[in-house]
Structures are given as structure tokens and as C-alpha cells.
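**Q** Below is input24.cif; it holds mmCIF, C-alpha atoms.
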data_model
#
loop_
_atom_site.label_atom_id
_atom_site.label_comp_id
_atom_site.auth_asym_id
_atom_site.auth_seq_id
_atom_site.Cartn_x
_atom_site.Cartn_y
_atom_site.Cartn_z
CA MET A 1 17.99 -3.91 -9.91
CA GLU A 2 18.99 -5.02 -13.41
CA ASN A 3 18.09 -4.14 -17.03
CA GLY A 4 18.20 -0.41 -16.46
CA GLN A 5 15.82 -0.51 -13.51
CA GLU A 6 18.38 0.74 -11.03
CA ASP A 7 17.53 4.36 -11.90
CA LEU A 8 14.04 3.97 -10.39
CA LYS A 9 14.63 4.40 -6.68
CA TYR A 10 11.57 4.44 -4.49
CA SER A 11 11.18 4.94 -0.80
CA LYS A 12 10.14 1.68 0.88
CA ASN A 13 7.93 3.63 3.25
CA ARG A 14 6.02 5.50 0.57
CA VAL A 15 5.06 3.16 -2.29
CA ASN A 16 4.30 -0.55 -1.97
CA ARG A 17 5.96 -3.33 -3.93
CA ARG A 18 3.12 -3.93 -6.38
CA LEU A 19 3.07 -0.31 -7.48
CA LYS A 20 6.83 -0.39 -8.01
CA ASP A 21 6.45 -3.46 -10.19
CA LEU A 22 3.70 -1.75 -12.20
CA ALA A 23 5.85 1.33 -12.73
CA LEU A 24 8.72 -0.81 -14.02
CA LYS A 25 6.69 -2.35 -16.85
CA SER A 26 7.92 -1.22 -20.25
CA GLU A 27 4.76 0.71 -21.20
CA ASN A 28 4.96 2.65 -17.92
CA ARG A 29 8.58 3.67 -18.40
CA LEU A 30 7.34 6.38 -20.77
CA CYS A 31 5.05 9.32 -19.96
CA ALA A 32 1.44 8.50 -20.89
CA ASP A 33 0.96 11.86 -22.61
CA CYS A 34 4.24 12.85 -24.28
CA GLY A 35 6.41 9.71 -24.22
CA ALA A 36 9.23 11.18 -22.12
CA VAL A 37 11.37 8.44 -20.56
CA ASP A 38 11.43 7.50 -16.87
CA PRO A 39 8.33 9.28 -15.49
CA LYS A 40 8.50 9.93 -11.77
CA TRP A 41 4.92 11.10 -11.22
CA ALA A 42 1.46 9.56 -11.50
CA SER A 43 -2.16 10.66 -11.73
CA VAL A 44 -3.70 8.49 -9.03
CA ASN A 45 -7.32 8.94 -10.07
CA ILE A 46 -6.67 8.39 -13.79
CA GLY A 47 -4.11 5.63 -13.46
CA VAL A 48 -1.23 6.90 -15.62
CA PHE A 49 2.47 7.63 -15.12
CA LEU A 50 3.67 11.13 -16.04
CA CYS A 51 6.82 13.15 -16.62
CA LEU A 52 7.47 16.37 -14.69
CA LYS A 53 6.34 18.66 -17.54
CA CYS A 54 3.06 16.87 -18.13
CA CYS A 55 2.33 16.53 -14.43
CA SER A 56 2.49 20.33 -14.16
CA VAL A 57 -0.36 20.59 -16.65
CA HIS A 58 -2.28 17.85 -14.81
CA ARG A 59 -1.99 19.85 -11.57
CA SER A 60 -3.62 22.82 -13.31
CA LEU A 61 -6.70 20.68 -14.02
CA GLY A 62 -7.42 20.35 -10.32
CA GLU A 63 -7.68 17.19 -8.23
CA SER A 64 -11.28 16.54 -9.30
CA VAL A 65 -9.86 15.74 -12.75
CA SER A 66 -6.30 14.60 -12.02
CA LYS A 67 -4.65 14.12 -8.64
CA VAL A 68 -0.88 14.00 -9.09
CA LEU A 69 1.53 12.33 -6.67
CA SER A 70 5.28 11.82 -6.77
CA MET A 71 6.53 8.24 -6.91
CA THR A 72 9.38 9.17 -4.58
CA LEU A 73 8.26 12.07 -2.39
CA ASP A 74 4.58 11.63 -1.57
CA LYS A 75 2.73 9.25 0.71
CA TRP A 76 0.15 7.08 -1.05
CA SER A 77 -3.04 5.68 0.43
CA ASP A 78 -3.97 2.04 -0.08
CA ASP A 79 -6.93 3.08 -2.24
CA GLU A 80 -4.69 5.12 -4.54
CA VAL A 81 -2.28 2.22 -4.97
CA GLU A 82 -5.13 -0.22 -5.61
CA PHE A 83 -6.70 1.96 -8.29
CA MET A 84 -3.41 2.36 -10.16
CA ILE A 85 -2.98 -1.41 -10.15
CA GLU A 86 -6.55 -2.04 -11.26
CA VAL A 87 -6.27 0.32 -14.22
CA GLY A 88 -3.01 -1.39 -15.18
CA GLY A 89 -1.00 1.65 -16.22
CA ASN A 90 -0.53 3.73 -19.35
CA SER A 91 -1.46 1.30 -22.10
CA TYR A 92 -4.78 0.37 -20.48
CA ALA A 93 -5.72 3.95 -19.59
CA ASN A 94 -4.74 5.25 -23.04
CA ALA A 95 -6.82 2.54 -24.70
CA ILE A 96 -9.80 4.23 -23.02
CA TYR A 97 -8.87 7.92 -23.01
CA GLU A 98 -7.46 7.80 -26.57
CA ALA A 99 -9.91 5.29 -28.06
CA PHE A 100 -11.15 7.81 -30.63
CA LEU A 101 -7.93 9.79 -31.12
CA PRO A 102 -7.86 10.83 -34.82
CA ARG A 103 -5.21 9.03 -36.82
CA ASN A 104 -3.57 12.27 -37.94
CA TYR A 105 -3.64 13.82 -34.45
CA ARG A 106 -0.15 14.73 -33.28
CA LYS A 107 0.34 14.01 -29.60
CA PRO A 108 2.86 16.07 -27.61
CA ARG A 109 6.47 14.95 -27.60
CA PRO A 110 9.07 15.21 -24.81
CA ASN A 111 10.26 18.57 -26.20
CA SER A 112 6.79 20.01 -26.88
CA SER A 113 5.80 23.42 -25.56
CA VAL A 114 3.59 23.98 -22.53
CA ASP A 115 0.78 25.17 -24.82
CA GLU A 116 0.92 21.99 -26.91
CA ARG A 117 0.87 19.81 -23.79
CA SER A 118 -1.93 21.80 -22.19
CA LYS A 119 -4.15 21.68 -25.27
CA PHE A 120 -3.79 17.90 -25.61
CA ILE A 121 -4.05 17.03 -21.91
CA ARG A 122 -7.14 19.18 -21.40
CA ALA A 123 -8.78 17.66 -24.48
CA LYS A 124 -7.87 14.15 -23.34
CA TYR A 125 -8.82 14.25 -19.66
CA GLU A 126 -10.90 17.38 -18.99
CA GLN A 127 -13.05 17.49 -22.13
CA GLN A 128 -12.59 13.71 -22.72
CA GLU A 129 -12.80 14.32 -26.46
CA PHE A 130 -11.18 11.05 -27.46
CA MET A 131 -13.26 8.71 -25.28
CA LYS A 132 -16.29 6.71 -26.32
CA PRO A 133 -19.19 9.01 -25.26
CA SER A 134 -20.87 6.34 -23.12
CA LEU A 135 -17.69 6.00 -21.04
CA ARG A 136 -17.07 9.66 -20.33
CA ILE A 137 -16.32 10.11 -16.65
CA LEU A 138 -18.10 12.94 -14.90
CA SER A 139 -16.14 12.75 -11.66
CA LEU A 140 -12.88 11.15 -10.65
CA GLU A 141 -13.22 11.60 -6.91
CA PRO A 142 -12.57 8.43 -4.85
CA SER A 143 -15.94 6.91 -3.95
CA ARG A 144 -15.27 3.76 -1.91
CA SER A 145 -12.64 1.68 -0.20
CA TYR A 146 -11.03 -0.93 -2.40
CA SER A 147 -10.06 -2.97 0.63
CA GLN A 148 -13.76 -3.80 1.15
CA ARG A 149 -14.02 -5.77 -2.10
CA SER A 150 -14.24 -9.55 -1.91
CA GLU A 151 -12.02 -9.85 -4.98
CA PRO A 152 -9.95 -7.37 -6.99
CA ILE A 153 -11.01 -5.90 -10.31
CA ASN A 154 -8.17 -6.45 -12.76
CA ASP A 155 -9.66 -4.81 -15.83
CA GLY A 156 -8.77 -1.15 -16.41
CA LEU A 157 -12.03 -0.44 -18.20
CA GLN A 158 -14.07 -1.77 -15.26
CA ALA A 159 -12.03 0.27 -12.84
CA LEU A 160 -12.65 3.46 -14.79
CA GLU A 161 -16.32 2.65 -15.38
CA ALA A 162 -16.72 2.29 -11.62
CA ARG A 163 -15.92 6.01 -11.39
CA SER A 164 -18.23 7.14 -14.19
CA SER A 165 -21.51 6.70 -12.32
CA ARG A 166 -21.51 10.15 -10.75
CA THR A 167 -23.82 12.81 -12.16
CA ALA A 168 -22.78 16.19 -13.51
CA ASP A 169 -24.39 17.81 -10.48
CA ASN A 170 -21.44 16.64 -8.37
CA ARG A 171 -18.98 18.76 -10.31
CA GLU A 172 -17.94 22.12 -8.93
CA PHE A 173 -19.25 25.05 -10.98
CA ILE A 174 -18.42 28.69 -10.35
CA GLY A 175 -20.96 30.50 -12.47
CA ILE A 176 -23.05 30.64 -15.63
CA LEU A 177 -21.76 32.04 -18.91
CA LYS A 178 -24.44 33.37 -21.22
CA VAL A 179 -23.10 33.22 -24.78
CA LYS A 180 -24.89 35.12 -27.50
CA VAL A 181 -23.76 34.25 -31.02
CA MET A 182 -24.28 37.56 -32.77
CA SER A 183 -23.14 37.32 -36.36
CA GLY A 184 -20.66 36.08 -38.93
CA ARG A 185 -18.84 38.13 -41.51
CA ASN A 186 -17.09 37.22 -44.77
CA LEU A 187 -17.48 33.48 -44.22
CA VAL A 188 -16.04 31.15 -46.84
CA VAL A 189 -17.93 29.56 -49.71
CA ARG A 190 -18.39 25.82 -49.25
CA ASP A 191 -21.21 25.20 -51.74
CA LEU A 192 -21.39 26.37 -55.35
CA MET A 193 -21.99 30.05 -54.64
CA SER A 194 -22.53 30.37 -50.90
CA SER A 195 -22.71 28.36 -47.65
CA ASP A 196 -25.28 27.31 -45.07
CA PRO A 197 -23.36 28.10 -41.87
CA TYR A 198 -24.07 27.19 -38.26
CA VAL A 199 -21.94 27.56 -35.12
CA VAL A 200 -21.06 24.87 -32.57
CA ILE A 201 -19.71 25.93 -29.17
CA ASP A 202 -18.08 23.63 -26.59
CA LEU A 203 -17.21 24.32 -22.96
CA GLY A 204 -16.04 21.26 -21.08
CA GLN A 205 -18.59 18.53 -21.77
CA GLN A 206 -21.31 21.01 -22.77
CA LYS A 207 -22.13 21.64 -26.41
CA VAL A 208 -24.60 24.05 -28.02
CA GLN A 209 -25.42 24.80 -31.63
CA THR A 210 -27.08 27.64 -33.54
CA THR A 211 -29.64 27.25 -36.27
CA VAL A 212 -28.52 27.00 -39.90
CA ALA A 213 -28.36 30.27 -41.85
CA LYS A 214 -29.37 29.32 -45.38
CA SER A 215 -27.21 30.65 -48.24
CA ASN A 216 -25.62 33.42 -46.19
CA LEU A 217 -21.96 34.38 -45.84
CA ASN A 218 -22.82 37.26 -43.47
CA PRO A 219 -25.42 35.72 -41.15
CA ASN A 220 -27.05 37.33 -38.12
CA TRP A 221 -27.98 34.67 -35.60
CA GLU A 222 -28.41 36.59 -32.32
CA GLU A 223 -29.03 33.30 -30.52
CA GLU A 224 -28.27 32.98 -26.79
CA PHE A 225 -27.14 29.96 -24.78
CA SER A 226 -26.29 29.37 -21.11
CA LEU A 227 -23.28 27.25 -20.11
CA ARG A 228 -22.18 26.31 -16.59
CA VAL A 229 -18.53 27.12 -15.98
CA PRO A 230 -16.62 24.44 -14.00
CA GLN A 231 -14.04 25.49 -11.46
CA PHE A 232 -11.28 23.96 -13.58
CA HIS A 233 -12.23 25.07 -17.07
CA GLY A 234 -10.48 25.22 -20.40
CA PRO A 235 -11.10 27.60 -23.28
CA LEU A 236 -14.46 27.97 -24.96
CA LYS A 237 -14.17 26.30 -28.36
CA LEU A 238 -16.03 27.52 -31.42
CA ARG A 239 -16.43 25.85 -34.82
CA VAL A 240 -18.38 26.95 -37.88
CA TYR A 241 -19.80 24.35 -40.29
CA ASP A 242 -21.56 24.40 -43.65
CA TYR A 243 -24.70 22.27 -43.48
CA ASP A 244 -25.01 19.64 -46.23
CA MET A 245 -28.11 17.50 -46.54
CA PHE A 246 -26.52 14.57 -48.38
CA SER A 247 -22.90 14.58 -47.18
CA ALA A 248 -20.77 15.40 -44.14
CA ASP A 249 -20.89 19.04 -43.06
CA ASP A 250 -17.81 21.02 -44.11
CA LEU A 251 -15.72 22.90 -41.56
CA MET A 252 -15.65 26.65 -42.17
CA GLY A 253 -13.09 27.52 -39.50
CA ASP A 254 -12.64 27.41 -35.75
CA ALA A 255 -11.39 29.51 -32.84
CA GLU A 256 -10.90 29.43 -29.08
CA VAL A 257 -11.87 31.96 -26.43
CA ASP A 258 -9.86 32.32 -23.24
CA ILE A 259 -12.64 32.99 -20.73
CA GLN A 260 -10.24 33.43 -17.80
CA PRO A 261 -10.14 37.26 -18.04
CA LEU A 262 -13.94 37.30 -17.79
CA VAL A 263 -13.93 34.81 -14.90
CA THR A 264 -11.28 36.85 -13.08
CA ALA A 265 -13.33 40.02 -13.46
CA ALA A 266 -16.47 38.21 -12.29
CA MET A 267 -14.74 36.91 -9.17
CA ALA A 268 -13.40 40.38 -8.35
CA PHE A 269 -16.47 42.50 -9.15
CA GLY A 270 -19.41 40.10 -9.14
CA GLY A 271 -20.51 40.66 -5.55
CA SER A 272 -23.94 41.61 -4.31
CA GLU A 273 -23.14 45.33 -4.11
CA PRO A 274 -24.27 47.21 -7.26
CA LEU A 275 -21.45 48.96 -9.10
CA PRO A 276 -21.53 51.80 -11.65
CA ASP A 277 -20.89 51.16 -15.33
CA MET A 278 -17.17 50.82 -15.90
CA GLN A 279 -14.48 48.74 -17.59
CA VAL A 280 -13.08 46.06 -15.25
CA GLY A 281 -10.83 43.96 -17.49
CA ARG A 282 -9.56 43.26 -20.99
CA TRP A 283 -8.57 40.28 -23.14
CA LEU A 284 -5.71 41.53 -25.29
CA LYS A 285 -5.21 40.71 -28.97
CA THR A 286 -1.89 38.88 -29.48
CA SER A 287 -0.25 36.89 -32.25
CA ASP A 288 -1.27 33.59 -30.67
CA ASN A 289 -5.01 34.19 -30.20
CA ALA A 290 -7.93 34.68 -32.59
CA LEU A 291 -9.00 38.16 -31.50
CA VAL A 292 -9.63 40.72 -34.23
CA GLU A 293 -9.15 43.51 -31.66
CA ASP A 294 -8.78 43.90 -27.91
CA SER A 295 -11.87 42.75 -26.04
CA PRO A 296 -12.83 44.91 -23.03
CA ILE A 297 -14.78 43.50 -20.09
CA SER A 298 -17.26 45.91 -18.52
CA ILE A 299 -19.96 46.28 -15.93
CA ILE A 300 -23.10 47.46 -17.72
CA ALA A 301 -26.37 47.86 -15.82
CA GLY A 302 -24.88 45.87 -12.97
CA LYS A 303 -23.86 42.90 -15.18
CA ILE A 304 -20.38 41.80 -16.22
CA GLN A 305 -20.30 41.67 -20.02
CA GLN A 306 -17.81 41.19 -22.84
CA ASP A 307 -17.98 41.57 -26.62
CA VAL A 308 -15.61 39.40 -28.64
CA VAL A 309 -14.86 39.34 -32.38
CA LEU A 310 -12.89 36.28 -33.49
CA LYS A 311 -11.01 35.68 -36.71
CA LEU A 312 -11.68 32.09 -37.72
CA GLN A 313 -8.58 29.90 -37.86
CA ASN A 314 -7.58 27.21 -40.40
CA VAL A 315 -9.65 28.85 -43.12
CA GLU A 316 -9.23 31.55 -45.75
CA SER A 317 -11.51 34.15 -44.16
CA GLY A 318 -14.32 34.72 -41.73
CA GLU A 319 -15.14 36.39 -38.42
CA ILE A 320 -17.62 35.58 -35.66
CA ALA A 321 -18.98 38.12 -33.17
CA LEU A 322 -20.01 36.96 -29.68
CA HIS A 323 -21.46 38.61 -26.59
CA PHE A 324 -20.80 37.20 -23.11
CA GLU A 325 -22.62 37.87 -19.86
CA TRP A 326 -21.70 36.39 -16.47
CA LEU A 327 -24.34 35.20 -14.03
CA PRO A 328 -23.88 33.80 -10.52
CA LEU A 329 -25.03 30.22 -9.93
CA ASN A 330 -27.97 31.28 -7.77
CA HIS A 331 -29.35 33.62 -10.43
#
I need this file expressed as C-alpha cells, please.
**A**
Amino acid sequence: MENGQEDLKYSKNRVNRRLKDLALKSENRLCADCGAVDPKWASVNIGVFLCLKCCSVHRSLGESVSKVLSMTLDKWSDDEVEFMIEVGGNSYANAIYEAFLPRNYRKPRPNSSVDERSKFIRAKYEQQEFMKPSLRILSLEPSRSYSQRSEPINDGLQALEARSSRTADNREFIGILKVKVMSGRNLVVRDLMSSDPYVVIDLGQQKVQTTVAKSNLNPNWEEEFSLRVPQFHGPLKLRVYDYDMFSADDLMGDAEVDIQPLVTAAMAFGGSEPLPDMQVGRWLKTSDNALVEDSPISIIAGKIQQDVVLKLQNVESGEIALHFEWLPLNH
């Protein structure tokens, strides 16, 4: 091989010639997510080439979101090869998954931390925050044999749209999270003397919103919502806005909740046998989370519950109090 291609050495028995040629295109010689040179991995149901660090994050998403294979070590099926070729590689996939990426958004770089990579990759592929809403893909599981087509599909958008026809019911969920937005304290002024705050909460592709508290910096909402928790979930995201009738609503701060401690406790103690009231877990306050204080997880009246107080980030002041309760899917 010439022009620097000699460093890409593939097993003849593992990857076919067309996939090799695709991987050697200039746009595919860089990781689709962080730009690291010479990626040796690929997400075969998204259609992108990845470096080792980014592929580790992709693996954590689960195969229903991103199935990662090595270009040199793994055996590929014909369908997997065909889909990669139909998408066309990084530039085509990114044109879809990053279509609405904010101009000032800083993507990870080759030397970025695991947290930076994870936050971006989950937003890009799991929450699909940067895609056109009508194109958001609810399932990336293979659905048919490409060898049965009379002619190939050469457009990456068509190839991805072909996988977006599944319904949300096909996703794997592990439980229901009841979120009660209790109150806000010491919220910032965004109007002349006060603010009209409301809270938006996101979990995966689900979004809920409280009512607007008129002219109140210390509102009491006490509004409850139910969210299905997917098997491969990210953090629960919370944003507070000031409602404006004649202009764009102003952001009053945001925060994230790591729901994994609650999920872990639910998996360990959420059986059919009734248990006495007791503490079964704890989300600890650290310098890199938004907790005001440690958040214990307890069984109360047979239900796994958690109270959380969050200090709003990217704002001068403000706290939001939440109450969580875990329910099994068959509740």
C-alpha cells in the first residue's frame, strides 16, 4: 500500500475488500467522534469508524445503540459490511447525527477525558440530541438481509432512515422512575424583579415539563412524572427556564442526576418479597456532581425512594429539590 496506507493491515479472512476501501478514505482515517488518527474500530449499526477510547464508550451504550467491532480482530457478517458501505462512513453519518450540533459546541478531542467523551457520545447517539427530530432512530437492531435487495442503497440518509421505523415499544426498559419536582430555592432573577420559572427534565428521548411558577424565586411545584428507564441509560438531565411571552425563554441553570445508584438499589432490593424500612444505597456528594448533600436511597413502605437536592450549574444561584420512586414495569 502507498500514501501512508501501509499502516492499515486487515485480515483477508475477516473484512472484505469494499470495507477496506471505505476505511481508507480520508474522512474515515479519523475517529468520527474525537478526530483521533487511524481508527481501528467501527460501530456497525451506526456506520462510523472509531478510535479505541471512543469505542470503549460506545460499548457502554449497549449493542442496541452501538455494536462495536474491530477492523482486525472480529468476524463481520455480510449485512454488517453492507450497512457500513451504504452509510458511507464518518462524513455521511455525522451529517445526520450532528446536523443540529450547536456552532459553539466543543466536540471531544483525541486527548479528551473519558467523561468528556461519554457526555458527547451519549448525547449524540443515545439521546440523539443533534439529529433532526423526524429522523431520530428508536432502534438500531438489524432488521433484514441486505443481500435480498434488488439494488443497493447508496445514500447514508436512506440507510439510516430504514432503521428508524421501529417503535419505542421495541426498546428494552428495566423499570419506571417516578420523578416528583418538589421545589426551587433562591433561583436567579431573569425579569425586572423576579422570574417565571419552570423545569424541564430529560431521560433518553423522554421529556417532561412542569407548569410555570409566576413571579416566584422559591416555587413549590410538587408535580410528579413517570419516565421509563431504558436498559442502557444516561443521566437524568434537568434545566430551569424563565418563561417569557414575547421572547425566547432564558436559562436559569441546569444539572444532571446520576440515576445508577437508584437503579442498582432497585435491582438488588426490588423483588417481590416485602422488606422493612431501611437505607439501601447512597449517591455521594463530590466536587464533580451537582449534589448539595449526600442523597440516601431507602426502602419506605415497601418502595425504593430517593430525595435529591441539586445546586444548579452555570448560573449564579439556585437549588432544585426532587423526589424519586422506583416502580417495576408491571406495576
**Q** Give the answer as one residue: which of A:Lys303, A:Glu293, A:Lys67, A:Gln205 has the shortest atom-to-atom distance to Gln279 (chain A), using all atoms listed in the file?
**A**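 Comparing A:Lys303, A:Glu293, A:Lys67, A:Gln205 against Gln279 (chain A), the winner is A:Lys303.
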**Q** Hey, what comes out of the PyMOL selection byres ((chain A and resi 89) around 12) on this file? Could you write it as a ChimeraX atom specification?
**A** /A:19-32,42-50,81-88,90-96,154-157,159-160
**Q** Please list, as a PyMOL selection string, the residues that have an atom at most 12 Å away from (5.8, 15.0, -31.0) in the coordinates of this file, counting only C-alpha atoms.
**A** chain A and resi 33-36+104-113+116-117+120
**Q** Output the selection as a compact mmCIF listing (two decimals), keeping the file's coordinate frame - C-alpha atoms for each residue.
**A**
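Contents of out_22.txt, as written:
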# COMPACT_ATOMS: atom_id res chain seq x y z
CA ASP A 33 0.96 11.86 -22.61
CA CYS A 34 4.24 12.85 -24.28
CA GLY A 35 6.41 9.71 -24.22
CA ALA A 36 9.23 11.18 -22.12
CA ASN A 104 -3.57 12.27 -37.94
CA TYR A 105 -3.64 13.82 -34.45
CA ARG A 106 -0.15 14.73 -33.28
CA LYS A 107 0.34 14.01 -29.60
CA PRO A 108 2.86 16.07 -27.61
CA ARG A 109 6.47 14.95 -27.60
CA PRO A 110 9.07 15.21 -24.81
CA ASN A 111 10.26 18.57 -26.20
CA SER A 112 6.79 20.01 -26.88
CA SER A 113 5.80 23.42 -25.56
CA GLU A 116 0.92 21.99 -26.91
CA ARG A 117 0.87 19.81 -23.79
CA PHE A 120 -3.79 17.90 -25.61
**Q** For each of A:Asn16, A:Ser77, A:Ser56, A:Asn218, take the minimum atom-to-atom distance to Asp115 (chain A), counting only C-alpha atoms, then give the residue where this is smallest.
**A**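 Result for the nearest residue to Asp115 (chain A): A:Ser56.
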**Q** Find the residue from A:Tyr198, A:Trp221, A:Phe232, A:Trp76 that sits nearest to Glu63 (chain A); use all atoms listed in the file when measuring.
**A**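 Distance minimum relative to Glu63 (chain A) lands on A:Phe232.
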**Q** Here's a test: counting only C-alpha atoms, identify every protein, DNA and RNA residue with an atom at most 8 Å from (-18.9, 29.7, -38.5) in the file's coordinate frame, and state them as a count of residues only.
**A** 18
**Q** What does the structure give for the distance between CA of Asp74 (chain A) and CA of His58 (chain A), in Å to one decimal?
**A**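 Between CA of Asp74 (chain A) and CA of His58 (chain A) the gap is 16.2 Å.
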**Q** Grab the CA of Gln305 (chain A) to CA of Thr210 (chain A) distance for me, in Å with one decimal place.
**A**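 According to the coordinates, CA of Gln305 (chain A) and CA of Thr210 (chain A) are separated by 20.6 Å.
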**Q** Put the listed atoms of region 281-299 of chain A in a box along x, y and z with 8 Å added on every side and give me the centre and edge lengths in Å to one decimal, as JSON.
**A**
{"center_x": -10.1, "center_y": 39.9, "center_z": -25.1, "size_x": 35.7, "size_y": 28.7, "size_z": 34.3}
**Q** So the first atom is CA of Leu291 (chain A) and the second is CA of Val189 (chain A); what is the distance between them in Å, to one decimal place?
**A**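 A separation of 22.0 Å between them.
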**Q** Could you list, as a short mmCIF file (atom, residue, chain, number, x, y, z; two decimals) with C-alpha atoms, keeping the file's coordinate frame, every residue within 7 Å of Val188 (chain A), counting all atoms listed in the file and ignoring same-chain residues fewer than 2 positions away?
**A**
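result_35.cif, freshly written:
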data_model
loop_
_atom_site.label_atom_id
_atom_site.label_comp_id
_atom_site.auth_asym_id
_atom_site.auth_seq_id
_atom_site.Cartn_x
_atom_site.Cartn_y
_atom_site.Cartn_z
CA ASN A 186 -17.09 37.22 -44.77
CA ARG A 190 -18.39 25.82 -49.25
CA LEU A 217 -21.96 34.38 -45.84
CA MET A 252 -15.65 26.65 -42.17
CA GLU A 316 -9.23 31.55 -45.75
CA SER A 317 -11.51 34.15 -44.16
CA GLY A 318 -14.32 34.72 -41.73
#
**Q** Given the file shown, determine the residues that the PyMOL selection byres ((chain A and resi 127) around 10) selects; report them as a short mmCIF file (atom, residue, chain, number, x, y, z; two decimals) with C-alpha atoms, keeping the file's coordinate frame.
**A**
data_model
loop_
_atom_site.label_atom_id
_atom_site.label_comp_id
_atom_site.auth_asym_id
_atom_site.auth_seq_id
_atom_site.Cartn_x
_atom_site.Cartn_y
_atom_site.Cartn_z
CA PHE A 120 -3.79 17.90 -25.61
CA ILE A 121 -4.05 17.03 -21.91
CA ARG A 122 -7.14 19.18 -21.40
CA ALA A 123 -8.78 17.66 -24.48
CA LYS A 124 -7.87 14.15 -23.34
CA TYR A 125 -8.82 14.25 -19.66
CA GLU A 126 -10.90 17.38 -18.99
CA GLN A 128 -12.59 13.71 -22.72
CA GLU A 129 -12.80 14.32 -26.46
CA PHE A 130 -11.18 11.05 -27.46
CA MET A 131 -13.26 8.71 -25.28
CA ARG A 136 -17.07 9.66 -20.33
CA ILE A 137 -16.32 10.11 -16.65
CA LEU A 138 -18.10 12.94 -14.90
CA ASP A 202 -18.08 23.63 -26.59
CA LEU A 203 -17.21 24.32 -22.96
CA GLY A 204 -16.04 21.26 -21.08
CA GLN A 205 -18.59 18.53 -21.77
CA GLN A 206 -21.31 21.01 -22.77
CA HIS A 233 -12.23 25.07 -17.07
CA GLY A 234 -10.48 25.22 -20.40
#
**Q** Write region 282-298 of chain A as a short mmCIF file (atom, residue, chain, number, x, y, z; two decimals), in the frame of the given file, completed to N, CA, C and O atoms.
**A**
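Full text of part-v2.cif as output:
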data_model
loop_
_atom_site.label_atom_id
_atom_site.label_comp_id
_atom_site.auth_asym_id
_atom_site.auth_seq_id
_atom_site.Cartn_x
_atom_site.Cartn_y
_atom_site.Cartn_z
N ARG A 282 -9.79 43.23 -19.55
CA ARG A 282 -9.56 43.26 -20.99
C ARG A 282 -8.83 42.01 -21.42
O ARG A 282 -7.88 41.57 -20.75
N TRP A 283 -9.30 41.39 -22.50
CA TRP A 283 -8.57 40.28 -23.14
C TRP A 283 -7.84 40.88 -24.33
O TRP A 283 -8.46 41.39 -25.26
N LEU A 284 -6.52 40.83 -24.31
CA LEU A 284 -5.71 41.53 -25.29
C LEU A 284 -5.48 40.70 -26.55
O LEU A 284 -5.22 39.49 -26.48
N LYS A 285 -5.55 41.35 -27.69
CA LYS A 285 -5.21 40.71 -28.97
C LYS A 285 -3.70 40.46 -29.02
O LYS A 285 -2.91 41.36 -28.77
N THR A 286 -3.31 39.24 -29.31
CA THR A 286 -1.89 38.88 -29.48
C THR A 286 -1.75 38.01 -30.72
O THR A 286 -2.74 37.61 -31.34
N SER A 287 -0.50 37.70 -31.05
CA SER A 287 -0.25 36.89 -32.25
C SER A 287 -0.70 35.45 -32.10
O SER A 287 -0.85 34.73 -33.10
N ASP A 288 -0.91 35.00 -30.87
CA ASP A 288 -1.27 33.59 -30.67
C ASP A 288 -2.73 33.40 -30.24
O ASP A 288 -3.09 32.36 -29.72
N ASN A 289 -3.58 34.40 -30.42
CA ASN A 289 -5.01 34.19 -30.20
C ASN A 289 -5.79 34.66 -31.41
O ASN A 289 -5.23 35.21 -32.37
N ALA A 290 -7.09 34.44 -31.41
CA ALA A 290 -7.93 34.68 -32.59
C ALA A 290 -8.65 36.02 -32.56
O ALA A 290 -9.50 36.28 -33.41
N LEU A 291 -8.32 36.87 -31.60
CA LEU A 291 -9.00 38.16 -31.50
C LEU A 291 -8.74 39.05 -32.71
O LEU A 291 -7.60 39.17 -33.18
N VAL A 292 -9.79 39.71 -33.19
CA VAL A 292 -9.63 40.72 -34.23
C VAL A 292 -9.14 42.03 -33.63
O VAL A 292 -8.36 42.77 -34.22
N GLU A 293 -9.57 42.31 -32.39
CA GLU A 293 -9.15 43.51 -31.66
C GLU A 293 -9.27 43.22 -30.17
O GLU A 293 -9.86 42.22 -29.76
N ASP A 294 -8.67 44.08 -29.36
CA ASP A 294 -8.78 43.90 -27.91
C ASP A 294 -10.25 43.82 -27.50
O ASP A 294 -11.12 44.48 -28.07
N SER A 295 -10.49 42.98 -26.47
CA SER A 295 -11.87 42.75 -26.04
C SER A 295 -12.05 43.22 -24.60
O SER A 295 -11.67 42.53 -23.65
N PRO A 296 -12.63 44.40 -24.39
CA PRO A 296 -12.83 44.91 -23.03
C PRO A 296 -13.93 44.16 -22.29
O PRO A 296 -14.87 43.63 -22.89
N ILE A 297 -13.80 44.11 -20.97
CA ILE A 297 -14.78 43.50 -20.09
C ILE A 297 -15.34 44.61 -19.21
O ILE A 297 -14.58 45.33 -18.56
N SER A 298 -16.66 44.75 -19.18
CA SER A 298 -17.26 45.91 -18.52
C SER A 298 -18.43 45.51 -17.65
O SER A 298 -19.04 44.46 -17.83
#
